[in-house]
file target29.tsv (TSV, C-alpha atoms)
chain	number	residue	atom	x	y	z
A	11	MET	CA	0.63	-10.35	-28.40
A	12	PRO	CA	1.16	-13.80	-26.81
A	13	TYR	CA	0.53	-15.66	-30.10
A	14	PRO	CA	2.38	-13.99	-33.01
A	15	ASN	CA	0.73	-14.23	-36.43
A	16	LEU	CA	-2.61	-15.20	-34.87
A	17	PRO	CA	-5.59	-13.02	-35.88
A	18	TRP	CA	-6.70	-10.72	-33.07
A	19	LEU	CA	-10.45	-10.09	-32.95
A	20	ASP	CA	-12.32	-7.11	-31.59
A	21	GLU	CA	-16.04	-6.84	-30.97
A	22	ARG	CA	-16.70	-6.01	-34.64
A	23	THR	CA	-14.37	-8.58	-36.27
A	24	ALA	CA	-15.84	-11.68	-37.86
A	25	PHE	CA	-14.20	-15.04	-37.26
A	26	PRO	CA	-11.64	-16.06	-39.89
A	27	PRO	CA	-12.51	-19.09	-42.02
A	28	VAL	CA	-11.79	-22.30	-40.14
A	29	THR	CA	-9.37	-23.35	-42.85
A	30	ASP	CA	-7.06	-20.65	-41.45
A	31	ALA	CA	-6.67	-22.55	-38.15
A	32	TRP	CA	-3.17	-23.73	-37.33
A	33	ASP	CA	-2.49	-27.18	-38.71
A	34	GLU	CA	-0.94	-30.31	-37.21
A	35	THR	CA	2.60	-29.02	-37.81
A	36	SER	CA	2.11	-26.07	-35.46
A	37	PRO	CA	2.60	-26.15	-31.67
A	38	LEU	CA	-1.13	-25.53	-31.11
A	39	PRO	CA	-3.03	-27.28	-33.91
A	40	GLY	CA	-6.57	-26.05	-34.33
A	41	LEU	CA	-5.97	-22.58	-32.91
A	42	LEU	CA	-7.81	-20.05	-35.08
A	43	ALA	CA	-7.94	-16.63	-33.42
A	44	SER	CA	-7.74	-14.78	-30.12
A	45	GLY	CA	-9.53	-11.86	-28.53
A	46	GLY	CA	-13.02	-10.72	-29.36
A	47	VAL	CA	-15.92	-10.89	-26.95
A	48	LEU	CA	-17.40	-13.83	-25.09
A	49	ASN	CA	-21.16	-13.76	-24.84
A	50	ALA	CA	-24.21	-15.67	-26.05
A	51	ASP	CA	-24.15	-14.01	-29.47
A	52	SER	CA	-20.46	-14.69	-30.11
A	53	LEU	CA	-20.82	-18.29	-28.94
A	54	HIS	CA	-23.81	-18.85	-31.20
A	55	ALA	CA	-21.92	-17.41	-34.17
A	56	ALA	CA	-18.84	-19.50	-33.36
A	57	TYR	CA	-20.65	-22.82	-33.06
A	58	GLN	CA	-22.49	-22.22	-36.32
A	59	GLN	CA	-19.07	-22.22	-37.96
A	60	GLY	CA	-17.52	-25.13	-36.03
A	61	ILE	CA	-15.52	-22.88	-33.68
A	62	PHE	CA	-15.35	-23.03	-29.88
A	63	PRO	CA	-13.53	-21.12	-27.12
A	64	TRP	CA	-10.92	-22.81	-24.95
A	65	PHE	CA	-8.52	-20.91	-22.73
A	66	SER	CA	-7.28	-20.78	-19.15
A	67	ALA	CA	-7.25	-18.03	-16.55
A	68	GLY	CA	-4.77	-15.32	-17.47
A	69	GLN	CA	-4.98	-16.03	-21.20
A	70	PRO	CA	-6.88	-14.04	-23.82
A	71	ILE	CA	-9.98	-15.63	-25.31
A	72	LEU	CA	-8.75	-18.33	-27.67
A	73	TRP	CA	-10.92	-19.74	-30.47
A	74	TRP	CA	-10.35	-23.21	-31.94
A	75	SER	CA	-11.43	-25.39	-34.85
A	76	PRO	CA	-9.27	-28.53	-34.96
A	77	ASP	CA	-8.85	-30.78	-37.95
A	78	PRO	CA	-9.47	-33.68	-37.64
A	79	ARG	CA	-12.42	-33.39	-35.28
A	80	MET	CA	-13.38	-35.92	-32.61
A	81	VAL	CA	-17.02	-36.84	-33.19
A	82	LEU	CA	-19.41	-39.41	-31.79
A	83	GLN	CA	-21.69	-40.63	-34.55
A	84	VAL	CA	-24.88	-41.31	-32.64
A	85	LYS	CA	-25.48	-44.65	-34.37
A	86	GLU	CA	-21.95	-45.75	-33.42
A	87	PHE	CA	-22.30	-45.21	-29.67
A	88	ARG	CA	-20.93	-48.28	-27.89
A	89	LEU	CA	-22.97	-49.29	-24.88
A	90	HIS	CA	-20.66	-51.72	-23.11
A	91	ARG	CA	-22.29	-54.66	-21.37
A	92	SER	CA	-21.30	-53.37	-17.95
A	93	LEU	CA	-22.68	-49.89	-18.66
A	94	ARG	CA	-25.89	-51.37	-20.07
A	95	LYS	CA	-26.35	-53.32	-16.85
A	96	THR	CA	-25.66	-50.18	-14.79
A	97	LEU	CA	-28.14	-48.17	-16.86
A	98	LEU	CA	-30.91	-50.74	-16.49
A	99	GLN	CA	-30.34	-50.91	-12.73
A	100	PHE	CA	-30.34	-47.10	-12.50
A	101	LEU	CA	-33.62	-46.80	-14.39
A	102	ARG	CA	-35.28	-49.33	-12.08
A	103	THR	CA	-34.04	-47.81	-8.82
A	104	PRO	CA	-36.38	-45.44	-6.92
A	105	GLY	CA	-34.82	-42.04	-6.37
A	106	CYS	CA	-32.61	-42.27	-9.47
A	107	SER	CA	-33.40	-40.07	-12.45
A	108	ILE	CA	-31.97	-38.21	-15.40
A	109	ARG	CA	-33.10	-34.59	-15.59
A	110	ILE	CA	-32.56	-32.00	-18.28
A	111	ASP	CA	-31.93	-28.29	-17.82
A	112	THR	CA	-32.81	-28.07	-14.14
A	113	GLN	CA	-29.38	-26.97	-12.87
A	114	PHE	CA	-27.40	-25.81	-15.90
A	115	ARG	CA	-25.05	-23.41	-14.12
A	116	GLN	CA	-24.50	-25.87	-11.28
A	117	VAL	CA	-23.47	-28.54	-13.81
A	118	MET	CA	-20.94	-26.14	-15.31
A	119	GLU	CA	-19.57	-25.28	-11.88
A	120	HIS	CA	-19.14	-28.97	-11.08
A	121	CYS	CA	-17.36	-29.48	-14.41
A	122	ALA	CA	-15.07	-26.56	-13.58
A	123	ARG	CA	-14.03	-28.28	-10.37
A	124	THR	CA	-13.24	-31.49	-12.26
A	125	PRO	CA	-10.21	-30.69	-14.46
A	126	ARG	CA	-9.32	-32.88	-17.40
A	127	ALA	CA	-6.69	-35.49	-16.70
A	128	ASP	CA	-4.11	-33.69	-18.84
A	129	GLN	CA	-4.65	-30.27	-17.27
A	130	ASP	CA	-3.52	-28.77	-13.97
A	131	GLY	CA	-6.40	-26.31	-13.85
A	132	THR	CA	-9.67	-25.70	-15.59
A	133	TRP	CA	-10.62	-23.93	-18.80
A	134	ILE	CA	-14.15	-23.40	-17.47
A	135	VAL	CA	-13.30	-19.99	-16.02
A	136	PRO	CA	-15.99	-17.63	-14.64
A	137	SER	CA	-16.39	-15.78	-17.97
A	138	ILE	CA	-17.03	-19.11	-19.72
A	139	ILE	CA	-19.67	-20.04	-17.14
A	140	ASP	CA	-21.39	-16.66	-17.50
A	141	ALA	CA	-21.40	-16.77	-21.31
A	142	TYR	CA	-22.69	-20.35	-21.61
A	143	THR	CA	-25.33	-19.70	-18.96
A	144	ASP	CA	-26.58	-16.80	-21.09
A	145	LEU	CA	-26.52	-19.13	-24.11
A	146	HIS	CA	-28.59	-21.59	-22.05
A	147	HIS	CA	-31.14	-18.89	-21.27
A	148	ALA	CA	-31.28	-18.16	-25.02
A	149	GLY	CA	-32.19	-21.83	-25.62
A	150	PHE	CA	-28.94	-23.02	-27.22
A	151	ALA	CA	-27.14	-24.75	-24.34
A	152	HIS	CA	-28.41	-27.62	-22.23
A	153	SER	CA	-27.50	-29.77	-19.27
A	154	VAL	CA	-28.18	-33.49	-18.86
A	155	GLU	CA	-28.07	-34.36	-15.17
A	156	THR	CA	-27.78	-37.57	-13.14
A	157	TRP	CA	-29.67	-37.40	-9.85
A	158	VAL	CA	-29.75	-39.84	-6.94
A	159	ASN	CA	-32.10	-39.14	-4.04
A	160	ASP	CA	-32.38	-35.46	-5.06
A	161	ARG	CA	-28.60	-35.07	-5.19
A	162	LEU	CA	-26.84	-34.07	-8.40
A	163	VAL	CA	-24.11	-36.68	-8.78
A	164	GLY	CA	-23.04	-36.24	-12.40
A	165	GLY	CA	-23.87	-34.74	-15.74
A	166	LEU	CA	-22.77	-32.92	-18.84
A	167	TYR	CA	-23.52	-29.76	-20.73
A	168	CYS	CA	-23.66	-29.15	-24.45
A	169	VAL	CA	-24.58	-26.64	-27.12
A	170	ALA	CA	-27.34	-27.40	-29.62
A	171	ILE	CA	-28.35	-25.47	-32.73
A	172	GLY	CA	-31.20	-27.16	-34.54
A	173	ARG	CA	-30.18	-30.80	-34.32
A	174	ALA	CA	-26.45	-30.15	-34.33
A	175	VAL	CA	-25.12	-31.10	-30.89
A	176	TYR	CA	-21.77	-29.99	-29.51
A	177	GLY	CA	-20.61	-31.72	-26.33
A	178	GLU	CA	-18.62	-29.60	-23.90
A	179	SER	CA	-17.74	-31.17	-20.56
A	180	MET	CA	-18.95	-33.69	-18.01
A	181	PHE	CA	-18.41	-34.57	-14.35
A	182	ALA	CA	-19.12	-37.45	-12.00
A	183	HIS	CA	-19.31	-37.61	-8.23
A	184	ALA	CA	-20.57	-41.19	-8.33
A	185	SER	CA	-19.47	-44.17	-10.40
A	186	ASN	CA	-20.65	-43.97	-14.04
A	187	ALA	CA	-22.75	-40.85	-13.35
A	188	SER	CA	-21.37	-38.93	-16.33
A	189	LYS	CA	-21.68	-41.97	-18.60
A	190	LEU	CA	-25.35	-42.31	-17.65
A	191	ALA	CA	-25.89	-38.68	-18.67
A	192	LEU	CA	-24.16	-39.39	-21.98
A	193	CYS	CA	-26.44	-42.40	-22.51
A	194	ALA	CA	-29.41	-40.08	-22.03
A	195	LEU	CA	-28.02	-37.57	-24.51
A	196	VAL	CA	-27.50	-40.32	-27.10
A	197	ALA	CA	-31.06	-41.58	-26.53
A	198	LEU	CA	-32.40	-38.04	-26.97
A	199	CYS	CA	-30.39	-37.59	-30.17
A	200	ARG	CA	-31.65	-40.88	-31.59
A	201	ALA	CA	-35.23	-39.85	-30.87
A	202	HIS	CA	-34.73	-36.61	-32.84
A	203	GLN	CA	-32.53	-38.01	-35.64
A	204	ALA	CA	-29.56	-35.94	-34.51
A	205	LEU	CA	-26.66	-37.61	-36.28
A	206	GLN	CA	-23.53	-36.64	-34.38
A	207	ILE	CA	-22.23	-35.23	-31.11
A	208	ASP	CA	-19.15	-33.06	-31.41
A	209	CYS	CA	-16.47	-34.10	-28.90
A	210	GLN	CA	-13.92	-31.52	-30.11
A	211	GLN	CA	-10.70	-33.31	-29.18
A	212	ALA	CA	-9.61	-36.93	-29.01
A	213	THR	CA	-9.48	-38.83	-25.72
A	214	ALA	CA	-9.20	-42.54	-25.04
A	215	HIS	CA	-12.35	-42.41	-22.91
A	216	LEU	CA	-14.46	-41.02	-25.75
A	217	ALA	CA	-12.92	-43.45	-28.21
A	218	SER	CA	-13.95	-46.35	-25.97
A	219	LEU	CA	-17.56	-45.18	-26.32
A	220	GLY	CA	-17.42	-45.05	-30.10
A	221	ALA	CA	-16.16	-41.54	-30.88
A	222	ARG	CA	-13.57	-41.17	-33.62
A	223	GLU	CA	-11.74	-38.48	-35.51
A	224	ILE	CA	-13.13	-37.37	-38.85
A	225	PRO	CA	-12.06	-34.59	-41.24
A	226	ARG	CA	-13.27	-31.17	-40.14
A	227	ALA	CA	-14.94	-30.61	-43.51
A	228	GLN	CA	-17.01	-33.77	-43.03
A	229	PHE	CA	-17.97	-32.74	-39.51
A	230	LEU	CA	-18.97	-29.26	-40.66
A	231	ALA	CA	-21.04	-30.50	-43.60
A	232	THR	CA	-23.18	-32.63	-41.28
A	233	ALA	CA	-23.33	-30.01	-38.52
A	234	GLN	CA	-24.42	-27.21	-40.83
A	235	ALA	CA	-27.12	-29.37	-42.42
A	236	GLN	CA	-28.40	-30.36	-38.97
A	237	GLN	CA	-28.46	-26.74	-37.81
A	238	LYS	CA	-31.15	-26.02	-40.41
A	239	LEU	CA	-33.53	-28.59	-38.93
A	240	PRO	CA	-36.09	-27.78	-36.23
A	241	ALA	CA	-34.63	-27.68	-32.74
A	242	MET	CA	-34.75	-30.79	-30.61
A	243	ARG	CA	-37.27	-30.90	-27.76
A	244	TRP	CA	-35.17	-31.22	-24.65
A	245	HIS	CA	-37.44	-33.56	-22.75
A	246	LEU	CA	-36.40	-37.13	-22.00
A	247	LEU	CA	-39.38	-39.42	-22.49
A	248	PRO	CA	-39.35	-43.00	-21.08
A	249	GLU	CA	-39.69	-44.54	-24.53
A	250	TYR	CA	-36.45	-42.92	-25.64
A	251	TRP	CA	-34.48	-45.44	-23.59
A	252	GLU	CA	-35.69	-48.24	-25.84
A	253	LEU	CA	-34.07	-46.48	-28.80
A	254	LEU	CA	-30.79	-46.95	-26.99
A	255	LEU	CA	-31.27	-50.29	-25.32
A	256	SER	CA	-32.78	-52.06	-28.32
A	257	ARG	CA	-30.29	-50.86	-30.93
A	258	GLU	CA	-27.01	-50.53	-29.11
A	259	THR	CA	-23.74	-51.94	-30.32
A	260	ILE	CA	-22.80	-54.03	-27.30
A	261	ALA	CA	-19.08	-54.08	-26.62
A	262	PRO	CA	-17.18	-56.32	-24.21

call {"tool": "encode", "arguments": {"input": "target29.tsv", "output": "structure tokens"}}
result
Amino acid sequence: MPYPNLPWLDERTAFPPVTDAWDETSPLPGLLASGGVLNADSLHAAYQQGIFPWFSAGQPILWWSPDPRMVLQVKEFRLHRSLRKTLLQFLRTPGCSIRIDTQFRQVMEHCARTPRADQDGTWIVPSIIDAYTDLHHAGFAHSVETWVNDRLVGGLYCVAIGRAVYGESMFAHASNASKLALCALVALCRAHQALQIDCQQATAHLASLGAREIPRAQFLATAQAQQKLPAMRWHLLPEYWELLLSRETIAP
């Protein structure tokens, strides 16, 4: 076993409690278990408990639940002046639009070809794409897409159970294209009183937009309460933008 003392799951094993995840003193803080199966059902069960998969090609399935947890409180989203200007210009430009759930798998494939800055490769391996696409077909995963002249230039994908939203990954092939998709997701969340967007792990980029680390127990308490609410309607109405543009915390 590549990770001694780590629980190994099979297709019948339930996830361990998240409090069993390796702590900050371990070499891989947040690591909870390995093995098991990767499909829509296992993903749905994992996210309900604040667990997500993250592994690279050649590794077993690895399941994580870090503490603290990087979270964007929707009301704390920081719309910088420059991004606000870009958003307003985008919304006024013919041929520019934000679409939802029109090219979910394509968004994931673009994200897979855009590795994180601290990684040589991608964790969005083919089995991840297949499993999340099945979760999308089941109604629990969504893409927010930035389009210019019928070309997909950026976007993100996320998991949503009730009004609990779990951000996964984003990509941009044009300046600010992923940030515009995030603006749309925040606007959609505000319209449905979704309180937080899980960002999983800390990055300077997310922090600049208002995300911050909070205790896992606090994150889970909010997420599990939001899961019990009716699901969000994944349609971006024009009036949703005003919920963002009229209430934003403008940053320099």

call {"tool": "residues_around", "arguments": {"input": "target29.tsv", "residues": "region 146-152 of chain A", "least_positions_apart": "6", "cutoff": "9 Å", "atoms": "all atoms listed in the file", "output": "list of chain:residue names"}}
result
A:Ala50, A:His54, A:Ile110, A:Asp111, A:Phe114, A:Arg115, A:Leu166, A:Tyr167, A:Cys168, A:Val169, A:Ala170, A:Ile171, A:Gly172, A:Trp244

call {"tool": "residues_near_point", "arguments": {"input": "target29.tsv", "point": "(-10.5, -26.0, -37.6)", "cutoff": "12 Å", "atoms": "only C-alpha atoms", "output": "PDB file with C-alpha atoms, keeping the file's coordinate frame"}}
result
ATOM      1  CA  PHE A  25     -14.200 -15.040 -37.260  1.00  0.00           C
ATOM      2  CA  PRO A  26     -11.640 -16.060 -39.890  1.00  0.00           C
ATOM      3  CA  PRO A  27     -12.510 -19.090 -42.020  1.00  0.00           C
ATOM      4  CA  VAL A  28     -11.790 -22.300 -40.140  1.00  0.00           C
ATOM      5  CA  THR A  29      -9.370 -23.350 -42.850  1.00  0.00           C
ATOM      6  CA  ASP A  30      -7.060 -20.650 -41.450  1.00  0.00           C
ATOM      7  CA  ALA A  31      -6.670 -22.550 -38.150  1.00  0.00           C
ATOM      8  CA  TRP A  32      -3.170 -23.730 -37.330  1.00  0.00           C
ATOM      9  CA  ASP A  33      -2.490 -27.180 -38.710  1.00  0.00           C
ATOM     10  CA  GLU A  34      -0.940 -30.310 -37.210  1.00  0.00           C
ATOM     11  CA  LEU A  38      -1.130 -25.530 -31.110  1.00  0.00           C
ATOM     12  CA  PRO A  39      -3.030 -27.280 -33.910  1.00  0.00           C
ATOM     13  CA  GLY A  40      -6.570 -26.050 -34.330  1.00  0.00           C
ATOM     14  CA  LEU A  41      -5.970 -22.580 -32.910  1.00  0.00           C
ATOM     15  CA  LEU A  42      -7.810 -20.050 -35.080  1.00  0.00           C
ATOM     16  CA  ALA A  43      -7.940 -16.630 -33.420  1.00  0.00           C
ATOM     17  CA  ALA A  56     -18.840 -19.500 -33.360  1.00  0.00           C
ATOM     18  CA  TYR A  57     -20.650 -22.820 -33.060  1.00  0.00           C
ATOM     19  CA  GLN A  59     -19.070 -22.220 -37.960  1.00  0.00           C
ATOM     20  CA  GLY A  60     -17.520 -25.130 -36.030  1.00  0.00           C
ATOM     21  CA  ILE A  61     -15.520 -22.880 -33.680  1.00  0.00           C
ATOM     22  CA  PHE A  62     -15.350 -23.030 -29.880  1.00  0.00           C
ATOM     23  CA  PRO A  63     -13.530 -21.120 -27.120  1.00  0.00           C
ATOM     24  CA  TRP A  73     -10.920 -19.740 -30.470  1.00  0.00           C
ATOM     25  CA  TRP A  74     -10.350 -23.210 -31.940  1.00  0.00           C
ATOM     26  CA  SER A  75     -11.430 -25.390 -34.850  1.00  0.00           C
ATOM     27  CA  PRO A  76      -9.270 -28.530 -34.960  1.00  0.00           C
ATOM     28  CA  ASP A  77      -8.850 -30.780 -37.950  1.00  0.00           C
ATOM     29  CA  PRO A  78      -9.470 -33.680 -37.640  1.00  0.00           C
ATOM     30  CA  ARG A  79     -12.420 -33.390 -35.280  1.00  0.00           C
ATOM     31  CA  MET A  80     -13.380 -35.920 -32.610  1.00  0.00           C
ATOM     32  CA  GLN A 210     -13.920 -31.520 -30.110  1.00  0.00           C
ATOM     33  CA  GLN A 211     -10.700 -33.310 -29.180  1.00  0.00           C
ATOM     34  CA  ILE A 224     -13.130 -37.370 -38.850  1.00  0.00           C
ATOM     35  CA  PRO A 225     -12.060 -34.590 -41.240  1.00  0.00           C
ATOM     36  CA  ARG A 226     -13.270 -31.170 -40.140  1.00  0.00           C
ATOM     37  CA  ALA A 227     -14.940 -30.610 -43.510  1.00  0.00           C
ATOM     38  CA  GLN A 228     -17.010 -33.770 -43.030  1.00  0.00           C
ATOM     39  CA  PHE A 229     -17.970 -32.740 -39.510  1.00  0.00           C
ATOM     40  CA  LEU A 230     -18.970 -29.260 -40.660  1.00  0.00           C
TER      41      LEU A 230
END

call {"tool": "residues_near_point", "arguments": {"input": "target29.tsv", "point": "(-34.0, -29.9, -30.7)", "cutoff": "6 Å", "atoms": "all atoms listed in the file", "output": "PDB file with C-alpha atoms, in the coordinates of the input"}}
result
ATOM      1  CA  GLY A 172     -31.200 -27.160 -34.540  1.00  0.00           C
ATOM      2  CA  ARG A 173     -30.180 -30.800 -34.320  1.00  0.00           C
ATOM      3  CA  ALA A 241     -34.630 -27.680 -32.740  1.00  0.00           C
ATOM      4  CA  MET A 242     -34.750 -30.790 -30.610  1.00  0.00           C
ATOM      5  CA  ARG A 243     -37.270 -30.900 -27.760  1.00  0.00           C
TER       6      ARG A 243
END

call {"tool": "atom_distance", "arguments": {"input": "target29.tsv", "atom1": "CA of Val81 (chain A)", "atom2": "CA of Arg94 (chain A)"}}
result
21.5 Å

call {"tool": "atom_distance", "arguments": {"input": "target29.tsv", "atom1": "CA of Asp144 (chain A)", "atom2": "CA of Tyr176 (chain A)"}}
result
16.4 Å

call {"tool": "axis_aligned_box", "arguments": {"input": "target29.tsv", "around": "region 174-193 of chain A", "padding_each_side": "5 Å", "output": "JSON"}}
result
{"center_x": -22.1, "center_y": -36.9, "center_z": -21.3, "size_x": 18.7, "size_y": 24.6, "size_z": 36.1}

call {"tool": "closest_residue", "arguments": {"input": "target29.tsv", "among": "A:Thr96, A:Thr23, A:Gln236, A:Thr112", "to": "Gly45 (chain A)", "atoms": "all atoms listed in the file"}}
result
A:Thr23

call {"tool": "atom_distance", "arguments": {"input": "target29.tsv", "atom1": "CA of Asp20 (chain A)", "atom2": "CA of Phe65 (chain A)"}}
result
16.8 Å

call {"tool": "closest_residue", "arguments": {"input": "target29.tsv", "among": "A:Gln58, A:Thr35, A:Asn15, A:Gln83", "to": "Leu219 (chain A)", "atoms": "all atoms listed in the file"}}
result
A:Gln83

call {"tool": "closest_residue", "arguments": {"input": "target29.tsv", "among": "A:Glu178, A:His90, A:Ser256, A:Val84", "to": "Ser218 (chain A)", "atoms": "only C-alpha atoms"}}
result
A:His90

call {"tool": "residues_around", "arguments": {"input": "target29.tsv", "residues": "region 116-119 of chain A", "least_positions_apart": "2", "cutoff": "12 Å", "atoms": "all atoms listed in the file", "output": "PyMOL selection string"}}
result
chain A and resi 109-114+121-125+132-143+146+151-157+161-168+178-183+188+191

call {"tool": "closest_residue", "arguments": {"input": "target29.tsv", "among": "A:Ser36, A:Leu48, A:Pro248, A:Ser107", "to": "Asn159 (chain A)", "atoms": "all atoms listed in the file"}}
result
A:Ser107

call {"tool": "closest_residue", "arguments": {"input": "target29.tsv", "among": "A:Gln206, A:Asn49, A:Ala201, A:Ala187", "to": "Gln237 (chain A)", "atoms": "all atoms listed in the file"}}
result
A:Gln206

call {"tool": "build_atoms", "arguments": {"input": "target29.tsv", "residues": "region 76-96 of chain A", "atoms": "N, CA and C atoms", "output": "PDB file, keeping the file's coordinate frame"}}
result
ATOM      1  N   PRO A  76     -10.273 -27.518 -34.595  1.00  0.00           N
ATOM      2  CA  PRO A  76      -9.270 -28.530 -34.960  1.00  0.00           C
ATOM      3  C   PRO A  76      -9.687 -29.379 -36.160  1.00  0.00           C
ATOM      4  N   ASP A  77      -8.677 -29.867 -36.830  1.00  0.00           N
ATOM      5  CA  ASP A  77      -8.850 -30.780 -37.950  1.00  0.00           C
ATOM      6  C   ASP A  77      -7.762 -31.842 -37.855  1.00  0.00           C
ATOM      7  N   PRO A  78      -8.124 -33.119 -37.630  1.00  0.00           N
ATOM      8  CA  PRO A  78      -9.470 -33.680 -37.640  1.00  0.00           C
ATOM      9  C   PRO A  78     -10.241 -33.311 -36.378  1.00  0.00           C
ATOM     10  N   ARG A  79     -11.514 -33.708 -36.377  1.00  0.00           N
ATOM     11  CA  ARG A  79     -12.420 -33.390 -35.280  1.00  0.00           C
ATOM     12  C   ARG A  79     -12.910 -34.681 -34.641  1.00  0.00           C
ATOM     13  N   MET A  80     -12.887 -34.749 -33.329  1.00  0.00           N
ATOM     14  CA  MET A  80     -13.380 -35.920 -32.610  1.00  0.00           C
ATOM     15  C   MET A  80     -14.903 -35.854 -32.537  1.00  0.00           C
ATOM     16  N   VAL A  81     -15.558 -36.853 -33.082  1.00  0.00           N
ATOM     17  CA  VAL A  81     -17.020 -36.840 -33.190  1.00  0.00           C
ATOM     18  C   VAL A  81     -17.574 -38.197 -32.809  1.00  0.00           C
ATOM     19  N   LEU A  82     -18.664 -38.181 -32.073  1.00  0.00           N
ATOM     20  CA  LEU A  82     -19.410 -39.410 -31.790  1.00  0.00           C
ATOM     21  C   LEU A  82     -20.596 -39.470 -32.740  1.00  0.00           C
ATOM     22  N   GLN A  83     -20.523 -40.375 -33.711  1.00  0.00           N
ATOM     23  CA  GLN A  83     -21.690 -40.630 -34.550  1.00  0.00           C
ATOM     24  C   GLN A  83     -22.709 -41.362 -33.684  1.00  0.00           C
ATOM     25  N   VAL A  84     -23.901 -40.797 -33.598  1.00  0.00           N
ATOM     26  CA  VAL A  84     -24.880 -41.310 -32.640  1.00  0.00           C
ATOM     27  C   VAL A  84     -25.143 -42.797 -32.857  1.00  0.00           C
ATOM     28  N   LYS A  85     -25.203 -43.238 -34.095  1.00  0.00           N
ATOM     29  CA  LYS A  85     -25.480 -44.650 -34.370  1.00  0.00           C
ATOM     30  C   LYS A  85     -24.307 -45.551 -34.000  1.00  0.00           C
ATOM     31  N   GLU A  86     -23.133 -44.968 -33.755  1.00  0.00           N
ATOM     32  CA  GLU A  86     -21.950 -45.750 -33.420  1.00  0.00           C
ATOM     33  C   GLU A  86     -21.647 -45.786 -31.922  1.00  0.00           C
ATOM     34  N   PHE A  87     -22.516 -45.188 -31.113  1.00  0.00           N
ATOM     35  CA  PHE A  87     -22.300 -45.210 -29.670  1.00  0.00           C
ATOM     36  C   PHE A  87     -22.203 -46.641 -29.167  1.00  0.00           C
ATOM     37  N   ARG A  88     -21.170 -46.929 -28.377  1.00  0.00           N
ATOM     38  CA  ARG A  88     -20.930 -48.280 -27.890  1.00  0.00           C
ATOM     39  C   ARG A  88     -21.375 -48.386 -26.427  1.00  0.00           C
ATOM     40  N   LEU A  89     -22.469 -49.073 -26.233  1.00  0.00           N
ATOM     41  CA  LEU A  89     -22.970 -49.290 -24.880  1.00  0.00           C
ATOM     42  C   LEU A  89     -22.386 -50.613 -24.384  1.00  0.00           C
ATOM     43  N   HIS A  90     -21.320 -50.526 -23.612  1.00  0.00           N
ATOM     44  CA  HIS A  90     -20.660 -51.720 -23.110  1.00  0.00           C
ATOM     45  C   HIS A  90     -21.612 -52.512 -22.204  1.00  0.00           C
ATOM     46  N   ARG A  91     -21.391 -53.801 -22.150  1.00  0.00           N
ATOM     47  CA  ARG A  91     -22.290 -54.660 -21.370  1.00  0.00           C
ATOM     48  C   ARG A  91     -22.389 -54.182 -19.922  1.00  0.00           C
ATOM     49  N   SER A  92     -21.286 -53.808 -19.343  1.00  0.00           N
ATOM     50  CA  SER A  92     -21.300 -53.370 -17.950  1.00  0.00           C
ATOM     51  C   SER A  92     -22.085 -52.075 -17.783  1.00  0.00           C
ATOM     52  N   LEU A  93     -21.941 -51.153 -18.743  1.00  0.00           N
ATOM     53  CA  LEU A  93     -22.680 -49.890 -18.660  1.00  0.00           C
ATOM     54  C   LEU A  93     -24.167 -50.129 -18.916  1.00  0.00           C
ATOM     55  N   ARG A  94     -24.485 -51.045 -19.828  1.00  0.00           N
ATOM     56  CA  ARG A  94     -25.890 -51.370 -20.070  1.00  0.00           C
ATOM     57  C   ARG A  94     -26.546 -51.914 -18.802  1.00  0.00           C
ATOM     58  N   LYS A  95     -25.838 -52.778 -18.105  1.00  0.00           N
ATOM     59  CA  LYS A  95     -26.350 -53.320 -16.850  1.00  0.00           C
ATOM     60  C   LYS A  95     -26.547 -52.213 -15.824  1.00  0.00           C
ATOM     61  N   THR A  96     -25.561 -51.300 -15.731  1.00  0.00           N
ATOM     62  CA  THR A  96     -25.660 -50.180 -14.790  1.00  0.00           C
ATOM     63  C   THR A  96     -26.841 -49.285 -15.138  1.00  0.00           C
TER      64      THR A  96
END
